[in-house]
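These notes are about the structure you will find just below.
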Amino acid sequence: MGHPATAVVLPDWSAVRDEATRHLQALIRFDTTNPPGNETPAAAYIVETLRAEGITAEVVESAPGRGNAVARLQSANPTAPPILLMGHTDVVSVERDKWTRDPFGGDLVEGFVWGRGAVDMKSQVAAELTALLLLKRSGQDFERDITLVAFADEETGGGDHGAAWMWAHRRDLLDAEYAINEGGGEPIEVNGRRFYLCQAGEKGNAHLRVTARAAPGHASIPLDDTAMLRLGRALVRLHEWQPPAVVTPPMRALLATLAPAFGPEGEATVAAILANPTWDALAALPFDADVRAGLRASVHNTAVPTIVHGGHRLNVIPSEVTLELDGRILPGQDPDDWRAEVQAALGDDVEVTLVSGGPGLAADPASPFFDAIAATIADLDPGAAVAPYLVSGGTDAAHLPGIKVYGFFPPASPARNALYTGLMHGHDERYAVEDLLFGTRFVYELVTRFCGER
């Protein structure tokens with residue numbers, strides 16, 4: 001990698017804080033609730049901001065209103081493949097009456113920017129946008145092109161108007177060796193040592209439907225066997241059932257990285273767990289409740305009930321009731337095989353069907369790019385380390401199979417990270433300006449370190 005050969009214009013981080021905040025506020029004020037999405041205005045804002053400073057950028061629509069922002073800071077003579085800064089501009093729906101402030105107001109109050117998408121993930125998009133502007137202003141000529149893409153349509157899971165569509169129809173714009181994405185960067189404390197989690201894999205999905213059937217009747221005459229009763233029993237079985245723990249390669253790497261923090265016998269403890277992974281052994285590791293909950297999700301296939309349908313009149317006992325399960329499966333797990341396992345656990349008095357599903361991703365985290373992430377964090381937070389892991393959710397990384405994607409956007413405060421976990425997709429979503437600045441600086445320093453200057 002190269003080293004600075006010319007005078008570099010260094011950022012004024014106080015001014016950067018204000019600039020990144022303005023971009024986050026602007027992005028939140030575009031209502032990009034998906035469905036329907038309507039991401040084009042947000043994409044146009046990103047493109048116009050970059051073009052104003054001489055960066056090549058365009059809006060690519062997969063359908064009317066479903067815009068993806070694509071920009072590239074070009075090297076005069078690249079000697080290595082590009083890197084990709086990626087994110088999405090669509091957000092989930094809101095219950096406005098449950099919010100303290102306008103969810104699309106972008107209010108700045110006591111150091112936090114409020115609004116839907118502040119955590120997931122317009123903060124990271126704003127940071128990447130700001131970092132790309134800083135890289136342009138720095139005057140450096142990098143060894144690689146630097147691409148920024150703000151996708152549409154991530155929150156529905158399919159990426160049909162965003163990442164999946166772009167990979168199928170405009171793959172030329174996504175040419176990259178490595179990418180930074182959402183899904184990681186959370187700082188955790190283990191016995192006084194700080195580790196930042198870096199997503200090196202993610203679970204797949206298996207949308208399951210449970211159907212219970214029985215004879216209908218008039219509600220004035222109770223029946224001993226109903227569809228409601230059968231579904232209720234199935235729900236209890238589901239709640240009490242725990243599949244076996246499975247430690248995937250990213251989670252093996254996580255445990256190996258954390259082992260020294262587990263005490264003098266840490267390496268032996270991890271070796272024993274890897275030889276015979278059980279949830280009891282994993283749960284005994286010295287994690288707080290939030291980290292333990294994330295660990296549990298990352299070593300198990302899961303099926304969580306989220307939506308119930310049933311009945312059509314108050315005085316009619318329904319003949320059929322259905323339950324939707326949000327299934328998340330580990331890399332290597334076949335969605336239909338998982339359906340069969342859930343069916344066996346719930347019993348024969350209900351039917352489990354697979355509505356849709358897709359595989360998970362697990363990659364060896366080792367790479368020069370991962371090393372650059374770790375080195376950048378070591379500079380920004382001396383004494384901290386970076387640990388790879390498997391995220392329990394899904395991201396657009398699943399739609400970009402030709403790129404090695406790492407989920408990493410670190411906040412400055414472990415305490416606030418716990419707050420963000422509860423706010424994501426929840427009420428009163430907000431993001432601290434200090435964490436936005438920290439994330440912006442991380443992206444800038446990472447790209448400068450990895451792409452170098454000739």
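Please note that chains go A, B, ... in the order of the structure tokens, that every chain numbers its residues from 1, and that ligands are numbered from 1 in the order shown.
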
What's the 9 Å shell around A:Leu295, counting only C-alpha atoms, without same-chain residues fewer than 2 positions away, as a PyMOL selection string?
chain A and resi 251+282-283+290-293+297-300+390+392

Based on the backbone DSSP call, show me all residues of stretch 255-301 of chain A assigned helix (DSSP H, G or I), as a ChimeraX atom specification.
/A:255-262,266-275,279-283,289-298

Deliver the residues from the most recent selection as a file, using C-alpha atoms, as a JSON list (two decimals), in the first residue's frame.
```
[["chain", "number", "residue", "atom", "x", "y", "z"],
["A", 255, "LEU", "CA", -14.71, -16.99, 20.28],
["A", 256, "ALA", "CA", -11.04, -17.36, 19.39],
["A", 257, "THR", "CA", -10.59, -13.57, 19.37],
["A", 258, "LEU", "CA", -12.36, -13.15, 22.71],
["A", 259, "ALA", "CA", -10.62, -16.10, 24.40],
["A", 260, "PRO", "CA", -7.84, -14.05, 26.11],
["A", 261, "ALA", "CA", -10.52, -11.93, 27.81],
["A", 262, "PHE", "CA", -12.10, -15.02, 29.37],
["A", 266, "GLY", "CA", -9.83, -18.82, 28.17],
["A", 267, "GLU", "CA", -8.27, -20.77, 25.33],
["A", 268, "ALA", "CA", -9.05, -24.09, 27.00],
["A", 269, "THR", "CA", -12.63, -22.95, 27.62],
["A", 270, "VAL", "CA", -13.11, -22.01, 23.97],
["A", 271, "ALA", "CA", -11.51, -25.26, 22.78],
["A", 272, "ALA", "CA", -13.94, -27.25, 24.93],
["A", 273, "ILE", "CA", -16.92, -25.32, 23.58],
["A", 274, "LEU", "CA", -15.84, -25.79, 19.98],
["A", 275, "ALA", "CA", -15.37, -29.53, 20.58],
["A", 279, "TRP", "CA", -25.95, -23.43, 24.69],
["A", 280, "ASP", "CA", -25.35, -24.03, 28.39],
["A", 281, "ALA", "CA", -21.59, -23.76, 27.88],
["A", 282, "LEU", "CA", -21.90, -20.69, 25.67],
["A", 283, "ALA", "CA", -24.33, -19.01, 28.06],
["A", 289, "ALA", "CA", -27.54, -9.89, 28.99],
["A", 290, "ASP", "CA", -27.67, -8.01, 25.67],
["A", 291, "VAL", "CA", -24.56, -9.68, 24.27],
["A", 292, "ARG", "CA", -25.77, -13.08, 25.48],
["A", 293, "ALA", "CA", -29.09, -12.58, 23.68],
["A", 294, "GLY", "CA", -27.26, -11.76, 20.44],
["A", 295, "LEU", "CA", -24.98, -14.77, 20.89],
["A", 296, "ARG", "CA", -27.96, -17.06, 21.37],
["A", 297, "ALA", "CA", -29.52, -15.85, 18.12],
["A", 298, "SER", "CA", -26.22, -16.27, 16.24]]
```

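Comparing A:Val70, A:Ile146, A:Val92, A:Val16 by their smallest distance to A:Glu429, the closest is A:Val92 (using only C-alpha atoms).
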
Residue contacts of A:Ala131 (7 Å, only C-alpha atoms) excluding same-chain residues fewer than 2 positions away, as a list of chain:residue names
A:Ala127, A:Glu128, A:Leu129, A:Leu133, A:Leu134, A:Leu135, A:Thr440, A:Val443, A:Tyr444

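Taking atom CA of A:Leu132 as the reference point, atom CA of A:Thr40 is found at 20.1 Å.
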